[in-house]
Amino acid sequence: MRPKNVNRPIFLWGFMGCGKSSFGRRLAQCWDLPFYETDEMIERLVGNSVSQIFTNLGEDTFRKYEYEILHSLELSSPSIVATGGGMPCFNDNAEWMRTNGYTIYLSLSARELTDRLKRSHTTRPLLQKKRGEELFQYITELLATRETIYRRAHLSLDALHASPEVLEQIFNLGLIA
């Protein structure tokens with residue numbers, strides 16, 4: 001059951017592959033809230049996959065679409081929003097989300113992320129053509145850069161142990177406000 005003090009959107013942050021979408025769907029279902037995945041919303045808006053947008057229009061254009069989608073969200077009621085991995089790191093999106101909702105960073109180590117992402121690296125624009133040690137090194141470096149932003153979230157949770165029940169307890173105890 002959704003805690004009574006959840007009265008605005010919850011934005012899930014974290015590196016690609018950390019489980020924002022999976023956790024977000026579970027949380028939305030358990031708490032009976034709408035679920036939004038910003039990458040899916042961009043794909044519907046543009047009519048292309050994220051990978052195609054990066055390839056054909058470039059990362060800067062993709063980041064503009066992220067900004068537009070973020071600012072188009074309904075903020076007057078609670079919802080769960082799984083953001084793209086880079087969304088908090090561009091265009092002051094992190095501060096906007098902190099101001100307009102609750103922000104939660106789902107963290108995983110670079111090794112755990114590499115293990116998850118090595119199966120899907122060809123469909124993720126920033127990881128294409130990277131394998132093995134090169135993939136791990138790239139993830140390590142990009143995570144180190146992004147983590148300074150991710151850690152600004154209202155709450156950090158270990159993605160391996162995140163659950164709707166844990167988050168419910170955190171809200172009920174008033175540890176996030």
# chains A, B, ... in the order shown; residues from 1 in each chain; ligands from 1
call {"tool": "residues_around", "arguments": {"residues": "Ala28 in chain A", "least_positions_apart": "3", "cutoff": "10 Å", "atoms": "only C-alpha atoms", "output": "ChimeraX atom specification"}}
result
/A:2,10,23-25,31-36,78-81,164
call {"tool": "residues_around", "arguments": {"residues": "range 128-138 of chain A", "least_positions_apart": "6", "cutoff": "12 Å", "atoms": "only C-alpha atoms", "output": "PyMOL selection string"}}
result
chain A and resi 51+54-55+109-122+144-145
call {"tool": "atom_distance", "arguments": {"atom1": "CA of Pro88 in chain A", "atom2": "CA of Glu74 in chain A"}}
result
18.0 Å
call {"tool": "residues_around", "arguments": {"residues": "range 59-69 of chain A", "least_positions_apart": "4", "cutoff": "12 Å", "atoms": "only C-alpha atoms", "output": "compact mmCIF listing (two decimals) with N, CA, C and O atoms, in the first residue's frame"}}
result
# COMPACT_ATOMS: atom_id res chain seq x y z
N TYR A 36 5.55 5.86 -15.61
CA TYR A 36 6.07 6.46 -16.83
C TYR A 36 7.53 6.09 -16.98
O TYR A 36 8.29 6.17 -16.02
N GLU A 37 7.90 5.71 -18.19
CA GLU A 37 9.30 5.48 -18.50
C GLU A 37 9.68 6.49 -19.57
O GLU A 37 9.14 6.46 -20.68
N THR A 38 10.58 7.40 -19.25
CA THR A 38 10.84 8.53 -20.14
C THR A 38 11.40 8.10 -21.49
O THR A 38 11.04 8.69 -22.51
N ASP A 39 12.25 7.07 -21.53
CA ASP A 39 12.78 6.63 -22.82
C ASP A 39 11.65 6.12 -23.72
O ASP A 39 11.63 6.41 -24.93
N GLU A 40 10.71 5.37 -23.17
CA GLU A 40 9.56 4.90 -23.95
C GLU A 40 8.71 6.07 -24.44
O GLU A 40 8.20 6.06 -25.56
N MET A 41 8.55 7.07 -23.60
CA MET A 41 7.76 8.24 -23.98
C MET A 41 8.43 8.98 -25.14
O MET A 41 7.75 9.44 -26.07
N ILE A 42 9.75 9.08 -25.12
CA ILE A 42 10.49 9.72 -26.20
C ILE A 42 10.35 8.91 -27.48
O ILE A 42 10.12 9.47 -28.57
N GLU A 43 10.46 7.59 -27.37
CA GLU A 43 10.32 6.74 -28.55
C GLU A 43 8.95 6.91 -29.20
O GLU A 43 8.85 6.98 -30.43
N ARG A 44 7.90 6.99 -28.38
CA ARG A 44 6.56 7.21 -28.93
C ARG A 44 6.45 8.59 -29.58
O ARG A 44 5.85 8.74 -30.64
N LEU A 45 7.01 9.60 -28.95
CA LEU A 45 6.96 10.96 -29.47
C LEU A 45 7.65 11.08 -30.82
O LEU A 45 7.12 11.67 -31.77
N VAL A 46 8.84 10.49 -30.92
CA VAL A 46 9.66 10.65 -32.13
C VAL A 46 9.35 9.58 -33.17
O VAL A 46 9.54 9.81 -34.37
N ASN A 48 10.88 6.62 -33.19
CA ASN A 48 12.12 5.85 -33.37
C ASN A 48 12.62 5.36 -32.02
O ASN A 48 12.27 5.95 -30.99
N SER A 49 13.47 4.35 -32.06
CA SER A 49 14.07 3.86 -30.82
C SER A 49 15.11 4.86 -30.33
O SER A 49 15.59 5.71 -31.09
N VAL A 50 15.47 4.75 -29.06
CA VAL A 50 16.51 5.61 -28.50
C VAL A 50 17.79 5.46 -29.31
O VAL A 50 18.45 6.45 -29.66
N SER A 51 18.14 4.24 -29.67
CA SER A 51 19.34 3.98 -30.45
C SER A 51 19.29 4.70 -31.80
O SER A 51 20.26 5.32 -32.23
N GLN A 52 18.13 4.64 -32.46
CA GLN A 52 17.97 5.33 -33.76
C GLN A 52 18.04 6.84 -33.59
O GLN A 52 18.60 7.54 -34.45
N ILE A 53 17.48 7.36 -32.51
CA ILE A 53 17.53 8.80 -32.26
C ILE A 53 18.98 9.25 -32.09
O ILE A 53 19.41 10.24 -32.69
N PHE A 54 19.75 8.51 -31.29
CA PHE A 54 21.17 8.84 -31.10
C PHE A 54 21.91 8.81 -32.44
O PHE A 54 22.67 9.72 -32.75
N THR A 55 21.67 7.75 -33.22
CA THR A 55 22.38 7.57 -34.49
C THR A 55 21.98 8.63 -35.52
O THR A 55 22.84 9.23 -36.17
N LEU A 73 5.34 16.14 -17.90
CA LEU A 73 4.71 15.20 -16.97
C LEU A 73 3.70 15.89 -16.06
O LEU A 73 3.90 17.04 -15.64
N GLU A 74 2.66 15.16 -15.73
CA GLU A 74 1.64 15.63 -14.78
C GLU A 74 2.24 15.55 -13.38
O GLU A 74 2.66 14.48 -12.93
N VAL A 81 8.23 7.54 -12.03
CA VAL A 81 8.87 7.90 -13.29
C VAL A 81 10.26 7.28 -13.34
O VAL A 81 11.12 7.64 -12.53
N ALA A 82 10.46 6.35 -14.27
CA ALA A 82 11.79 5.79 -14.51
C ALA A 82 12.47 6.66 -15.56
O ALA A 82 12.00 6.76 -16.69
N THR A 83 13.53 7.33 -15.17
CA THR A 83 14.22 8.24 -16.08
C THR A 83 15.29 7.48 -16.87
O THR A 83 15.74 6.41 -16.47
N GLY A 84 15.70 8.06 -17.99
CA GLY A 84 16.86 7.54 -18.69
C GLY A 84 18.09 7.76 -17.82
O GLY A 84 18.12 8.66 -16.98
N GLY A 85 19.11 6.94 -18.02
CA GLY A 85 20.30 7.01 -17.17
C GLY A 85 20.98 8.36 -17.15
O GLY A 85 21.52 8.78 -16.13
N GLY A 86 20.95 9.07 -18.26
CA GLY A 86 21.61 10.37 -18.31
C GLY A 86 20.72 11.55 -17.97
O GLY A 86 21.20 12.67 -17.78
N MET A 87 19.41 11.32 -17.89
CA MET A 87 18.49 12.45 -17.72
C MET A 87 18.86 13.38 -16.55
O MET A 87 18.85 14.60 -16.73
N PRO A 88 19.18 12.88 -15.37
CA PRO A 88 19.50 13.81 -14.28
C PRO A 88 20.76 14.64 -14.52
O PRO A 88 20.96 15.66 -13.88
N CYS A 89 21.60 14.22 -15.47
CA CYS A 89 22.91 14.83 -15.67
C CYS A 89 22.93 15.96 -16.68
O CYS A 89 23.99 16.54 -16.94
N PHE A 90 21.80 16.30 -17.26
CA PHE A 90 21.75 17.32 -18.31
C PHE A 90 20.66 18.34 -18.03
O PHE A 90 19.63 18.03 -17.43
N ASN A 91 20.88 19.56 -18.51
CA ASN A 91 19.86 20.63 -18.54
C ASN A 91 19.22 20.93 -17.19
O ASN A 91 18.05 21.27 -17.12
N ASP A 92 19.94 20.82 -16.11
CA ASP A 92 19.41 21.07 -14.77
C ASP A 92 18.21 20.19 -14.43
O ASP A 92 17.39 20.52 -13.58
N ASN A 93 18.10 19.04 -15.12
CA ASN A 93 16.98 18.12 -14.87
C ASN A 93 16.99 17.59 -13.43
O ASN A 93 15.92 17.43 -12.84
N ALA A 94 18.17 17.34 -12.88
CA ALA A 94 18.24 16.80 -11.52
C ALA A 94 17.59 17.76 -10.53
O ALA A 94 16.77 17.35 -9.70
N TRP A 96 15.45 20.13 -11.12
CA TRP A 96 14.02 20.24 -11.41
C TRP A 96 13.26 19.08 -10.79
O TRP A 96 12.21 19.26 -10.18
N MET A 97 13.79 17.86 -10.94
CA MET A 97 13.13 16.69 -10.36
C MET A 97 13.15 16.73 -8.83
O MET A 97 12.16 16.38 -8.19
N PRO A 125 22.94 2.97 -27.07
CA PRO A 125 23.79 3.82 -27.92
C PRO A 125 25.17 4.12 -27.33
O PRO A 125 26.15 4.12 -28.07
N LEU A 126 25.26 4.39 -26.05
CA LEU A 126 26.55 4.77 -25.48
C LEU A 126 27.49 3.57 -25.29
O LEU A 126 28.66 3.75 -25.03
call {"tool": "atom_distance", "arguments": {"atom1": "CA of Ser77 in chain A", "atom2": "CA of Leu155 in chain A"}}
result
20.0 Å
call {"tool": "closest_residue", "arguments": {"among": "A:Leu142, A:Leu173, A:Leu27, A:Leu75", "to": "Pro9 in chain A", "atoms": "only C-alpha atoms"}}
result
A:Leu75
call {"tool": "closest_residue", "arguments": {"among": "A:Ile139, A:Cys18, A:Val6, A:Cys30", "to": "Leu160 in chain A", "atoms": "only C-alpha atoms"}}
result
A:Cys18
